[in-house]
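File shown here: target.txt, holding compact mmCIF, C-alpha atoms.
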```txt
# COMPACT_ATOMS: atom_id res chain seq x y z
CA MET A 1 0.00 0.00 0.00
CA VAL A 2 1.37 3.42 -0.99
CA SER A 3 1.47 5.81 1.98
CA ASN A 4 -1.20 8.47 1.56
CA THR A 5 0.78 10.98 3.64
CA LEU A 6 3.55 11.35 1.04
CA PHE A 7 2.27 14.76 -0.09
CA ASP A 8 2.23 16.20 3.45
CA ASN A 9 6.03 16.60 3.62
CA THR A 10 6.45 20.37 3.24
CA GLU A 11 10.18 20.33 3.92
CA ILE A 12 10.76 18.42 0.66
CA ALA A 13 7.92 20.20 -1.19
CA PHE A 14 9.40 23.67 -0.63
CA SER A 15 13.09 22.76 -0.29
CA LEU A 16 14.04 25.00 -3.25
CA LYS A 17 12.15 28.04 -1.96
CA SER A 18 13.91 30.70 0.08
CA ASP A 19 11.99 32.26 2.97
CA SER A 20 11.11 35.30 0.85
CA GLU A 21 9.90 33.06 -2.04
CA LEU A 22 7.77 31.12 0.43
CA GLU A 23 6.25 34.40 1.66
CA ARG A 24 5.60 35.49 -1.92
CA ALA A 25 3.88 32.18 -2.74
CA TYR A 26 1.68 32.50 0.36
CA PHE A 27 0.76 36.09 -0.58
CA LEU A 28 -0.09 35.15 -4.20
CA PHE A 29 -2.31 32.20 -3.30
CA LYS A 30 -4.01 34.34 -0.65
CA MET A 31 -4.83 36.88 -3.38
CA ILE A 32 -5.93 34.21 -5.87
CA SER A 33 -8.30 32.74 -3.27
CA LYS A 34 -10.38 35.93 -3.37
CA GLU A 35 -12.42 36.07 -6.57
CA PRO A 36 -13.19 39.85 -6.55
CA LEU A 37 -9.47 40.59 -6.14
CA VAL A 38 -8.61 38.37 -9.12
CA ARG A 39 -11.23 40.16 -11.24
CA ILE A 40 -9.99 43.63 -10.27
CA GLY A 41 -6.33 42.62 -10.52
CA THR A 42 -6.61 41.13 -14.00
CA ALA A 43 -8.58 44.13 -15.30
CA ALA A 44 -6.04 46.56 -13.81
CA THR A 45 -3.10 44.55 -15.23
CA LYS A 46 -4.60 44.48 -18.74
CA PHE A 47 -5.25 48.23 -18.56
CA ALA A 48 -1.74 49.04 -17.29
CA LEU A 49 -0.05 46.95 -20.00
CA ASN A 50 -2.25 48.35 -22.78
CA MET A 51 -1.47 51.89 -21.60
CA HIS A 52 2.26 51.01 -21.49
CA LEU A 53 2.46 51.90 -17.81
CA PRO A 54 5.73 50.81 -16.14
CA VAL A 55 4.33 47.73 -14.37
CA GLU A 56 6.38 44.95 -15.98
CA GLY A 57 8.95 45.01 -13.17
CA LEU A 58 6.25 44.56 -10.54
CA ILE A 59 4.59 41.73 -12.52
CA ARG A 60 7.97 40.09 -13.08
CA SER A 61 8.91 40.11 -9.40
CA THR A 62 5.55 38.70 -8.23
CA VAL A 63 3.18 36.57 -10.31
CA PHE A 64 5.51 36.09 -13.32
CA ASP A 65 8.50 34.73 -11.40
CA HIS A 66 6.24 32.43 -9.38
CA PHE A 67 4.48 30.81 -12.36
CA CYS A 68 7.06 31.26 -15.17
CA GLY A 69 10.65 30.18 -15.71
CA GLY A 70 11.85 33.32 -17.49
CA VAL A 71 11.50 35.52 -20.56
CA ASN A 72 13.45 33.16 -22.87
CA GLU A 73 14.92 29.66 -22.76
CA GLN A 74 18.35 30.80 -21.53
CA ASP A 75 16.67 32.79 -18.77
CA CYS A 76 14.92 29.56 -17.67
CA MET A 77 18.10 27.48 -17.36
CA PRO A 78 19.02 28.40 -13.75
CA VAL A 79 15.48 27.39 -12.73
CA VAL A 80 15.65 24.17 -14.82
CA ASP A 81 19.02 23.28 -13.24
CA SER A 82 17.73 24.04 -9.75
CA LEU A 83 14.68 21.78 -10.21
CA TYR A 84 16.87 19.00 -11.55
CA THR A 85 18.93 18.97 -8.34
CA ALA A 86 15.68 17.84 -6.66
CA GLY A 87 15.07 15.19 -9.35
CA VAL A 88 12.33 17.22 -11.07
CA HIS A 89 12.50 17.62 -14.87
CA SER A 90 11.24 20.61 -16.88
CA VAL A 91 9.02 21.02 -19.94
CA LEU A 92 9.62 24.51 -21.36
CA ASP A 93 6.30 25.86 -22.62
CA TYR A 94 6.38 28.95 -24.85
CA SER A 95 3.17 30.46 -23.48
CA VAL A 96 2.41 33.30 -25.89
CA GLU A 97 -1.30 33.05 -26.71
CA GLY A 98 -3.89 34.66 -28.95
CA LYS A 99 -1.87 35.65 -32.04
CA GLU A 100 -3.28 34.50 -35.39
CA ASP A 101 -1.07 35.41 -38.34
CA GLU A 102 1.16 33.22 -40.50
CA SER A 103 4.39 34.90 -39.39
CA HIS A 104 3.48 34.15 -35.76
CA PHE A 105 2.69 30.49 -36.57
CA ASP A 106 6.06 30.12 -38.32
CA ALA A 107 7.84 31.83 -35.41
CA THR A 108 6.12 29.52 -32.90
CA MET A 109 7.12 26.47 -34.93
CA GLU A 110 10.72 27.72 -35.06
CA MET A 111 10.62 28.26 -31.30
CA VAL A 112 9.41 24.67 -30.68
CA VAL A 113 12.03 23.29 -33.10
CA ASN A 114 14.78 25.29 -31.38
CA LEU A 115 13.56 24.26 -27.91
CA THR A 116 13.51 20.61 -28.99
CA LYS A 117 17.09 20.86 -30.28
CA PHE A 118 18.02 22.86 -27.17
CA ALA A 119 16.70 20.02 -24.96
CA ASP A 120 18.77 17.38 -26.80
CA HIS A 121 21.49 15.94 -24.50
CA LYS A 122 19.90 17.72 -21.49
CA ASP A 123 18.61 15.02 -19.12
CA ALA A 124 16.62 17.68 -17.26
CA MET A 125 14.43 18.38 -20.34
CA PRO A 126 12.90 15.18 -21.80
CA PHE A 127 9.89 16.85 -23.51
CA SER A 128 8.84 19.73 -25.75
CA VAL A 129 5.27 21.01 -25.91
CA PHE A 130 2.97 23.04 -28.17
CA LYS A 131 -0.71 23.88 -28.78
CA PRO A 132 -2.25 23.04 -32.18
CA THR A 133 -3.61 26.60 -32.45
CA GLY A 134 -0.03 27.84 -32.05
CA PHE A 135 0.56 26.45 -35.56
CA GLY A 136 -2.63 27.57 -37.31
CA ARG A 137 -5.84 29.60 -37.08
CA PHE A 138 -8.60 28.25 -34.85
CA LYS A 139 -11.17 28.72 -37.66
CA ILE A 140 -9.23 26.39 -39.99
CA TRP A 141 -9.06 23.70 -37.29
CA GLN A 142 -12.79 24.12 -36.76
CA LYS A 143 -13.61 23.89 -40.49
CA VAL A 144 -11.56 20.70 -40.90
CA THR A 145 -13.18 19.21 -37.77
CA GLU A 146 -16.66 20.05 -39.08
CA LYS A 147 -15.70 18.68 -42.53
CA GLU A 148 -16.53 21.94 -44.26
CA SER A 149 -15.06 22.43 -47.74
CA LEU A 150 -11.97 24.65 -47.81
CA SER A 151 -11.18 27.30 -50.38
CA GLU A 152 -7.91 26.94 -52.33
CA ALA A 153 -6.25 29.48 -50.02
CA GLU A 154 -7.51 27.59 -46.96
CA LYS A 155 -6.24 24.27 -48.37
CA GLU A 156 -2.80 25.84 -48.70
CA GLU A 157 -3.12 27.18 -45.15
CA TRP A 158 -4.02 23.70 -43.86
CA ASP A 159 -1.08 22.18 -45.76
CA ARG A 160 1.23 24.63 -43.98
CA ILE A 161 -0.20 23.53 -40.61
CA VAL A 162 0.45 19.87 -41.47
CA LYS A 163 3.98 20.76 -42.57
CA ARG A 164 4.63 22.61 -39.27
CA PHE A 165 3.48 19.55 -37.30
CA ASP A 166 5.67 17.29 -39.42
CA THR A 167 8.74 19.53 -39.04
CA VAL A 168 8.43 19.57 -35.24
CA CYS A 169 7.74 15.83 -34.96
CA SER A 170 10.71 14.93 -37.19
CA THR A 171 12.90 17.17 -35.00
CA GLY A 172 11.60 15.33 -31.93
CA LEU A 173 12.55 11.98 -33.45
CA ALA A 174 16.01 13.22 -34.48
CA SER A 175 16.66 14.72 -31.02
CA ASP A 176 14.99 11.85 -29.11
CA ILE A 177 12.79 14.43 -27.33
CA ALA A 178 9.10 13.55 -26.90
CA LEU A 179 6.47 16.10 -27.95
CA LEU A 180 3.41 16.81 -25.81
CA ILE A 181 0.62 18.24 -28.00
CA ASP A 182 -1.96 20.07 -25.88
CA GLY A 183 -5.71 19.46 -26.14
CA GLU A 184 -8.09 22.33 -26.93
CA GLU A 185 -11.82 22.95 -27.51
CA SER A 186 -13.89 19.98 -28.74
CA TRP A 187 -15.15 21.81 -31.84
CA MET A 188 -11.62 21.94 -33.28
CA GLN A 189 -10.15 18.86 -31.58
CA ASP A 190 -11.09 16.16 -34.13
CA ALA A 191 -8.79 17.75 -36.71
CA ALA A 192 -5.97 17.92 -34.14
CA ASP A 193 -6.61 14.30 -33.08
CA ASP A 194 -6.46 13.10 -36.69
CA LEU A 195 -3.22 14.97 -37.31
CA CYS A 196 -1.70 13.61 -34.06
CA GLU A 197 -2.72 10.11 -35.16
CA GLN A 198 -0.92 10.59 -38.51
CA MET A 199 2.20 11.82 -36.73
CA MET A 200 2.16 8.87 -34.27
CA ALA A 201 1.86 6.40 -37.16
CA LYS A 202 4.85 8.07 -38.83
CA TYR A 203 7.15 8.83 -35.88
CA ASN A 204 6.22 6.40 -33.07
CA LYS A 205 7.52 3.23 -34.75
CA LYS A 206 9.84 2.23 -31.89
CA LYS A 207 8.56 4.27 -28.94
CA ALA A 208 6.32 7.24 -28.17
CA ILE A 209 7.81 10.46 -29.54
CA VAL A 210 4.45 12.14 -30.30
CA TYR A 211 1.94 12.43 -27.42
CA ASN A 212 -1.63 13.60 -27.97
CA THR A 213 -3.76 14.83 -25.02
CA LEU A 214 -6.85 13.11 -23.60
CA GLN A 215 -9.09 15.60 -21.78
CA CYS A 216 -11.03 13.30 -19.47
CA TYR A 217 -13.86 15.70 -18.69
CA ARG A 218 -15.02 14.58 -22.15
CA TRP A 219 -17.10 11.43 -21.63
CA ASP A 220 -16.07 9.91 -24.99
CA ARG A 221 -12.29 9.76 -24.37
CA LEU A 222 -12.03 6.16 -23.09
CA ASP A 223 -13.76 4.84 -26.22
CA TYR A 224 -11.53 7.07 -28.35
CA LEU A 225 -8.43 5.70 -26.57
CA LYS A 226 -9.51 2.07 -27.14
CA GLU A 227 -10.17 2.78 -30.83
CA GLN A 228 -6.72 4.43 -31.18
CA HIS A 229 -5.14 1.42 -29.46
CA GLN A 230 -6.60 -1.00 -32.01
CA LYS A 231 -5.44 1.20 -34.89
CA ALA A 232 -1.92 1.39 -33.45
CA ILE A 233 -1.72 -2.41 -33.03
CA ALA A 234 -2.89 -2.88 -36.62
CA GLY A 235 -0.51 -0.17 -37.89
CA GLY A 236 2.52 -1.33 -35.90
CA TYR A 237 3.24 1.88 -34.01
CA LYS A 238 3.21 3.10 -30.39
CA LEU A 239 0.86 5.60 -28.76
CA GLY A 240 1.69 8.42 -26.38
CA PHE A 241 -0.95 10.28 -24.36
CA LYS A 242 -0.91 13.08 -21.84
CA VAL A 243 -3.93 12.47 -19.61
CA VAL A 244 -5.58 15.54 -18.04
CA ARG A 245 -9.01 16.46 -16.74
CA GLY A 246 -9.46 19.46 -19.07
CA ALA A 247 -9.42 23.24 -19.10
CA TYR A 248 -12.42 24.52 -21.10
CA MET A 249 -15.43 23.17 -19.19
CA GLU A 250 -17.52 26.33 -18.89
CA LYS A 251 -16.87 27.27 -22.50
CA GLU A 252 -17.80 23.73 -23.65
CA ASN A 253 -21.06 23.61 -21.67
CA ASP A 254 -22.07 27.15 -22.70
CA ARG A 255 -21.52 26.45 -26.40
CA ALA A 256 -23.41 23.13 -26.27
CA LYS A 257 -26.36 24.87 -24.60
CA GLU A 258 -26.29 27.81 -27.01
CA LYS A 259 -26.15 25.60 -30.12
CA GLY A 260 -28.49 22.90 -28.80
CA TYR A 261 -26.28 19.81 -28.90
CA PRO A 262 -25.48 17.36 -26.04
CA SER A 263 -22.57 18.57 -23.95
CA PRO A 264 -19.34 16.64 -24.56
CA ILE A 265 -18.49 17.15 -20.87
CA CYS A 266 -19.13 14.58 -18.12
CA GLU A 267 -22.25 15.30 -16.06
CA SER A 268 -20.40 15.69 -12.75
CA LYS A 269 -17.00 16.13 -11.14
CA GLN A 270 -17.22 12.52 -9.90
CA ALA A 271 -17.90 11.24 -13.43
CA THR A 272 -14.84 13.17 -14.66
CA ASP A 273 -12.69 11.71 -11.87
CA ASP A 274 -13.92 8.19 -12.67
CA ASN A 275 -13.26 8.71 -16.38
CA PHE A 276 -9.74 10.03 -15.69
CA ASN A 277 -8.94 7.04 -13.48
CA GLU A 278 -10.32 4.54 -16.02
CA VAL A 279 -8.30 6.09 -18.85
CA MET A 280 -5.15 6.06 -16.70
CA ASN A 281 -5.79 2.45 -15.65
CA TYR A 282 -6.32 1.33 -19.25
CA ILE A 283 -3.00 2.83 -20.34
CA LEU A 284 -1.09 1.37 -17.38
CA ASP A 285 -2.62 -2.01 -18.38
CA ASN A 286 -1.25 -1.59 -21.91
CA LEU A 287 2.19 -0.05 -21.45
CA GLU A 288 3.69 -2.28 -24.13
CA ASP A 289 1.74 -0.19 -26.66
CA ILE A 290 1.01 3.13 -24.90
CA SER A 291 3.16 5.60 -22.92
CA ILE A 292 1.52 8.01 -20.47
CA PHE A 293 2.13 11.48 -19.07
CA VAL A 294 -0.21 11.86 -16.07
CA GLY A 295 -0.89 15.59 -15.97
CA THR A 296 -2.83 16.25 -12.79
CA HIS A 297 -2.86 18.27 -9.57
CA ASN A 298 -5.36 15.82 -8.06
CA GLU A 299 -3.78 14.01 -5.11
CA ALA A 300 -6.13 11.01 -5.24
CA SER A 301 -5.33 10.29 -8.90
CA ASN A 302 -1.59 10.48 -8.25
CA TYR A 303 -1.92 8.12 -5.26
CA LEU A 304 -4.02 5.74 -7.41
CA ALA A 305 -1.40 5.74 -10.18
CA MET A 306 1.35 4.94 -7.65
CA GLU A 307 -0.79 2.12 -6.24
CA ILE A 308 -1.35 0.62 -9.72
CA ILE A 309 2.38 0.87 -10.52
CA LYS A 310 3.17 -0.97 -7.29
CA GLU A 311 0.49 -3.66 -7.85
CA LYS A 312 1.77 -4.36 -11.36
CA GLY A 313 5.36 -4.65 -10.15
CA LEU A 314 6.49 -1.82 -12.45
CA PHE A 315 9.57 0.29 -11.79
CA LYS A 316 8.77 3.75 -10.41
CA ASN A 317 11.06 5.27 -13.05
CA ASP A 318 9.70 3.26 -16.01
CA GLU A 319 10.43 5.54 -18.99
CA ARG A 320 6.86 5.00 -20.32
CA ILE A 321 5.30 6.61 -17.21
CA TRP A 322 5.63 10.32 -16.38
CA PHE A 323 3.85 12.63 -13.97
CA GLY A 324 3.53 16.39 -14.42
CA GLN A 325 2.27 19.52 -12.70
CA LEU A 326 2.49 23.21 -13.54
CA TYR A 327 5.46 25.23 -12.34
CA GLY A 328 4.46 27.26 -9.27
CA MET A 329 1.69 24.85 -8.25
CA SER A 330 1.36 21.53 -6.39
CA ASP A 331 5.02 21.38 -5.35
CA HIS A 332 3.93 19.02 -2.57
CA ILE A 333 3.05 16.48 -5.29
CA SER A 334 5.96 17.06 -7.69
CA TYR A 335 8.89 17.16 -5.28
CA ASN A 336 7.68 14.39 -2.98
CA MET A 337 7.03 12.03 -5.92
CA ALA A 338 10.45 12.82 -7.40
CA GLN A 339 12.07 12.27 -4.01
CA VAL A 340 10.81 8.66 -3.88
CA GLY A 341 11.84 7.89 -7.46
CA TYR A 342 9.00 8.64 -9.92
CA ASN A 343 9.54 10.44 -13.25
CA VAL A 344 8.21 13.96 -12.63
CA ALA A 345 8.26 17.07 -14.84
CA LYS A 346 7.10 20.62 -14.29
CA TYR A 347 5.38 22.45 -17.16
CA MET A 348 7.37 25.69 -17.17
CA PRO A 349 5.80 28.59 -19.09
CA PHE A 350 8.11 31.30 -20.43
CA GLY A 351 8.09 34.27 -22.80
CA PRO A 352 8.13 38.08 -22.73
CA VAL A 353 6.22 39.35 -19.68
CA LYS A 354 3.56 41.22 -21.68
CA ASP A 355 3.01 38.32 -24.11
CA VAL A 356 2.64 35.75 -21.32
CA MET A 357 0.02 37.80 -19.42
CA PRO A 358 -3.02 36.17 -21.13
CA TYR A 359 -1.70 32.80 -19.93
CA LEU A 360 -1.10 34.10 -16.37
CA ILE A 361 -4.55 35.70 -16.20
CA ARG A 362 -6.15 32.43 -17.35
CA ARG A 363 -4.16 30.59 -14.68
CA ALA A 364 -5.32 32.97 -11.93
CA GLU A 365 -8.96 32.66 -13.04
CA GLU A 366 -8.74 28.84 -13.18
CA ASN A 367 -7.23 28.77 -9.67
CA THR A 368 -10.06 30.94 -8.36
CA SER A 369 -12.58 28.39 -9.66
CA VAL A 370 -10.73 25.47 -8.00
CA ALA A 371 -11.12 26.69 -4.42
CA GLY A 372 -10.10 23.40 -2.79
CA GLN A 373 -6.76 23.38 -4.53
CA THR A 374 -5.92 26.97 -3.60
CA SER A 375 -6.79 26.37 0.06
CA ARG A 376 -4.62 23.21 0.04
CA GLU A 377 -1.67 25.27 -1.29
CA LEU A 378 -2.25 27.85 1.47
CA THR A 379 -2.45 25.20 4.20
CA LEU A 380 0.83 23.61 3.13
CA LEU A 381 2.63 26.95 2.75
CA LYS A 382 1.41 27.96 6.21
CA LYS A 383 2.64 24.64 7.61
CA GLU A 384 6.10 25.16 6.09
CA LYS A 385 6.26 28.75 7.38
CA ALA A 386 5.52 27.42 10.88
CA ARG A 387 8.15 24.69 10.49
CA ARG A 388 10.74 27.32 9.53
CA LYS A 389 9.39 29.67 12.20
CA ILE A 390 8.91 32.49 9.68
```

Could you write out this structure as structure tokens?
Amino acid sequence: MVSNTLFDNTEIAFSLKSDSELERAYFLFKMISKEPLVRIGTAATKFALNMHLPVEGLIRSTVFDHFCGGVNEQDCMPVVDSLYTAGVHSVLDYSVEGKEDESHFDATMEMVVNLTKFADHKDAMPFSVFKPTGFGRFKIWQKVTEKESLSEAEKEEWDRIVKRFDTVCSTGLASDIALLIDGEESWMQDAADDLCEQMMAKYNKKKAIVYNTLQCYRWDRLDYLKEQHQKAIAGGYKLGFKVVRGAYMEKENDRAKEKGYPSPICESKQATDDNFNEVMNYILDNLEDISIFVGTHNEASNYLAMEIIKEKGLFKNDERIWFGQLYGMSDHISYNMAQVGYNVAKYMPFGPVKDVMPYLIRRAEENTSVAGQTSRELTLLKKEKARRKI
């Protein structure tokens, strides 16, 4: 039986934080726990940045440095190296969102290619990551998903998206760096799933290089996984999946209601949890064909995964099993799991302060809606402050 007190060790969880960084973390989560403050703070931040007020230094020294690794990949390296001393790996995530022109898509692809090459021969960085909409316009993804006919110009645009995917995946294979491809909204996801499937068939001949994402708040994902498994067996290639609960629930439910179709989202939190655990269990039952990146801040799911690994007699550091949390969050999970020998990686966002703000604002708003998680962070930070007598 895996001890269910593993995540209570705050000395290990916050071993890399100085006293002042611990105080800053406590202050930030205290702010995030108050919804009106988050609303006012995000509005004020957007206004200040749009008016070019000199607030970047303040943002950098507070919320940015807590949740981000730096402004560029070199800037992140001291943080990456520091995490690696505690056995925690890093996934550098270029978190510039919301730009929709071809030059930006090419620049994002170049960034992912360069990051993948940059990670080669660095044990601390076993993965690269990108969002499908970082490589092409949302509307094109949606049209392909909905099987609408494309104009000649749109066909050329789609071909460029496919080429960007292929370029990055071939770089991953050449560098032996796995690629985590994020999941997005259901009304564009089929096109992304199909493209991920093509890339897996091409590049995952020997092991998982390309990982798609299963968002388990969608009730259809276990059936999708089983169908993909059969295709991979027939096609003679491996699968890789990052398994998460999902990040667009309100948007998904609102759109389904507005357009009058059944919601793709599970009917309850419990149903989502059950679905996540079933998907995770299925993959751990089929590791000879499927590799998994368990992306969750949920303690129960992490404990369950450790229990299954133990029951099956698998090595904790089996290269087909990874766990991941976001940088700046759930350190009690990441560092304690790494300490006892599991493969753990932190998703580490980076980019220019102003360009990363949409990501940071989204993160603050998501935290506000997950009250239990924020209060757990506060409890553990408070416990560590008491232990250090701060």

Fill in: Among the residues A:Lys383, A:Arg164, A:Lys143, A:His89, the one that comes closest to Lys346 in chain A [using all atoms listed in the file]
A:His89

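Every protein, DNA or RNA residue with an atom at most 12 Å from Lys17 in chain A, where all atoms listed in the file count and chain neighbours fewer than 4 positions away do not, is listed here: A:Thr10, A:Glu11, A:Ile12, A:Ala13, A:Glu21, A:Leu22, A:Glu23, A:Arg24, A:Ala25, A:Tyr26, A:His66, A:Val79, A:Ser82, A:Leu83, A:Ala86, A:Gly328, A:Asp331, A:Tyr335, A:Leu381, A:Glu384, A:Lys385, A:Arg388.
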
Fill in: 7 Å contact set for Leu326 in chain A, all atoms listed in the file, chain neighbours under 3 positions out, as a PyMOL selection string
chain A and resi 329+346-348

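Neighbours of range 307-321 of chain A closer than or equal to 8 Å, with only C-alpha atoms counted and sequence neighbours fewer than 6 positions away skipped, come out as Met1, Val2, Asn281, Leu284, Leu287, Ile290, Ser291, Ile292, Phe293, Val294, Gly341, Tyr342 and Asn343 of chain A.
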
Discussion item. Using Å and a single decimal, report how far CA of Tyr327 in chain A sits from CA of Leu222 in chain A.
Written reply: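 Distance reported for this atom pair: 28.0 Å.
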
Near-range 196-211 of chain A list (10 Å; all atoms listed in the file; drop same-chain fewer than 2 positions) as a CSV table (one decimal) with C-alpha atoms, in the frame of the given file:
```csv
chain,number,residue,atom,x,y,z
A,127,PHE,CA,9.9,16.8,-23.5
A,128,SER,CA,8.8,19.7,-25.8
A,129,VAL,CA,5.3,21.0,-25.9
A,132,PRO,CA,-2.2,23.0,-32.2
A,162,VAL,CA,0.4,19.9,-41.5
A,165,PHE,CA,3.5,19.6,-37.3
A,166,ASP,CA,5.7,17.3,-39.4
A,168,VAL,CA,8.4,19.6,-35.2
A,169,CYS,CA,7.7,15.8,-35.0
A,170,SER,CA,10.7,14.9,-37.2
A,172,GLY,CA,11.6,15.3,-31.9
A,173,LEU,CA,12.6,12.0,-33.4
A,174,ALA,CA,16.0,13.2,-34.5
A,175,SER,CA,16.7,14.7,-31.0
A,176,ASP,CA,15.0,11.8,-29.1
A,177,ILE,CA,12.8,14.4,-27.3
A,178,ALA,CA,9.1,13.6,-26.9
A,179,LEU,CA,6.5,16.1,-28.0
A,180,LEU,CA,3.4,16.8,-25.8
A,181,ILE,CA,0.6,18.2,-28.0
A,182,ASP,CA,-2.0,20.1,-25.9
A,190,ASP,CA,-11.1,16.2,-34.1
A,191,ALA,CA,-8.8,17.8,-36.7
A,192,ALA,CA,-6.0,17.9,-34.1
A,193,ASP,CA,-6.6,14.3,-33.1
A,194,ASP,CA,-6.5,13.1,-36.7
A,213,THR,CA,-3.8,14.8,-25.0
A,214,LEU,CA,-6.8,13.1,-23.6
A,228,GLN,CA,-6.7,4.4,-31.2
A,231,LYS,CA,-5.4,1.2,-34.9
A,232,ALA,CA,-1.9,1.4,-33.4
A,235,GLY,CA,-0.5,-0.2,-37.9
A,236,GLY,CA,2.5,-1.3,-35.9
A,237,TYR,CA,3.2,1.9,-34.0
A,238,LYS,CA,3.2,3.1,-30.4
A,239,LEU,CA,0.9,5.6,-28.8
A,240,GLY,CA,1.7,8.4,-26.4
A,241,PHE,CA,-1.0,10.3,-24.4
A,242,LYS,CA,-0.9,13.1,-21.8
A,243,VAL,CA,-3.9,12.5,-19.6
A,288,GLU,CA,3.7,-2.3,-24.1
A,289,ASP,CA,1.7,-0.2,-26.7
A,290,ILE,CA,1.0,3.1,-24.9
A,291,SER,CA,3.2,5.6,-22.9
A,292,ILE,CA,1.5,8.0,-20.5
A,293,PHE,CA,2.1,11.5,-19.1
A,320,ARG,CA,6.9,5.0,-20.3
```

N, CA and C atoms modelled onto range 342-357 of chain A, as a PDB file, in the frame of the given file:
```pdb
ATOM      1  N   TYR A 342       9.844   8.600  -8.717  1.00  0.00           N
ATOM      2  CA  TYR A 342       9.000   8.640  -9.920  1.00  0.00           C
ATOM      3  C   TYR A 342       9.535   9.664 -10.921  1.00  0.00           C
ATOM      4  N   ASN A 343       9.189   9.466 -12.207  1.00  0.00           N
ATOM      5  CA  ASN A 343       9.540  10.440 -13.250  1.00  0.00           C
ATOM      6  C   ASN A 343       8.567  11.609 -13.159  1.00  0.00           C
ATOM      7  N   VAL A 344       9.074  12.778 -12.816  1.00  0.00           N
ATOM      8  CA  VAL A 344       8.210  13.960 -12.630  1.00  0.00           C
ATOM      9  C   VAL A 344       8.766  15.128 -13.437  1.00  0.00           C
ATOM     10  N   ALA A 345       7.860  15.876 -14.081  1.00  0.00           N
ATOM     11  CA  ALA A 345       8.260  17.070 -14.840  1.00  0.00           C
ATOM     12  C   ALA A 345       7.328  18.222 -14.518  1.00  0.00           C
ATOM     13  N   LYS A 346       7.892  19.400 -14.449  1.00  0.00           N
ATOM     14  CA  LYS A 346       7.100  20.620 -14.290  1.00  0.00           C
ATOM     15  C   LYS A 346       6.911  21.280 -15.652  1.00  0.00           C
ATOM     16  N   TYR A 347       5.663  21.606 -15.992  1.00  0.00           N
ATOM     17  CA  TYR A 347       5.380  22.450 -17.160  1.00  0.00           C
ATOM     18  C   TYR A 347       5.826  23.856 -16.807  1.00  0.00           C
ATOM     19  N   MET A 348       6.811  24.391 -17.524  1.00  0.00           N
ATOM     20  CA  MET A 348       7.370  25.690 -17.170  1.00  0.00           C
ATOM     21  C   MET A 348       7.115  26.720 -18.271  1.00  0.00           C
ATOM     22  N   PRO A 349       6.082  27.565 -18.094  1.00  0.00           N
ATOM     23  CA  PRO A 349       5.800  28.590 -19.090  1.00  0.00           C
ATOM     24  C   PRO A 349       6.922  29.633 -19.133  1.00  0.00           C
ATOM     25  N   PHE A 350       7.154  30.194 -20.318  1.00  0.00           N
ATOM     26  CA  PHE A 350       8.110  31.300 -20.430  1.00  0.00           C
ATOM     27  C   PHE A 350       7.726  32.157 -21.631  1.00  0.00           C
ATOM     28  N   GLY A 351       8.324  33.339 -21.692  1.00  0.00           N
ATOM     29  CA  GLY A 351       8.090  34.270 -22.800  1.00  0.00           C
ATOM     30  C   GLY A 351       8.144  35.693 -22.270  1.00  0.00           C
ATOM     31  N   PRO A 352       8.136  36.682 -23.175  1.00  0.00           N
ATOM     32  CA  PRO A 352       8.130  38.080 -22.730  1.00  0.00           C
ATOM     33  C   PRO A 352       6.968  38.342 -21.774  1.00  0.00           C
ATOM     34  N   VAL A 353       7.221  39.139 -20.736  1.00  0.00           N
ATOM     35  CA  VAL A 353       6.220  39.350 -19.680  1.00  0.00           C
ATOM     36  C   VAL A 353       4.859  39.741 -20.250  1.00  0.00           C
ATOM     37  N   LYS A 354       4.844  40.740 -21.141  1.00  0.00           N
ATOM     38  CA  LYS A 354       3.560  41.220 -21.680  1.00  0.00           C
ATOM     39  C   LYS A 354       2.845  40.125 -22.475  1.00  0.00           C
ATOM     40  N   ASP A 355       3.615  39.350 -23.255  1.00  0.00           N
ATOM     41  CA  ASP A 355       3.010  38.320 -24.110  1.00  0.00           C
ATOM     42  C   ASP A 355       2.479  37.127 -23.315  1.00  0.00           C
ATOM     43  N   VAL A 356       3.053  36.899 -22.140  1.00  0.00           N
ATOM     44  CA  VAL A 356       2.640  35.750 -21.320  1.00  0.00           C
ATOM     45  C   VAL A 356       1.456  36.100 -20.403  1.00  0.00           C
ATOM     46  N   MET A 357       1.110  37.388 -20.323  1.00  0.00           N
ATOM     47  CA  MET A 357       0.020  37.800 -19.420  1.00  0.00           C
ATOM     48  C   MET A 357      -1.315  37.100 -19.690  1.00  0.00           C
TER      49      MET A 357
END
```
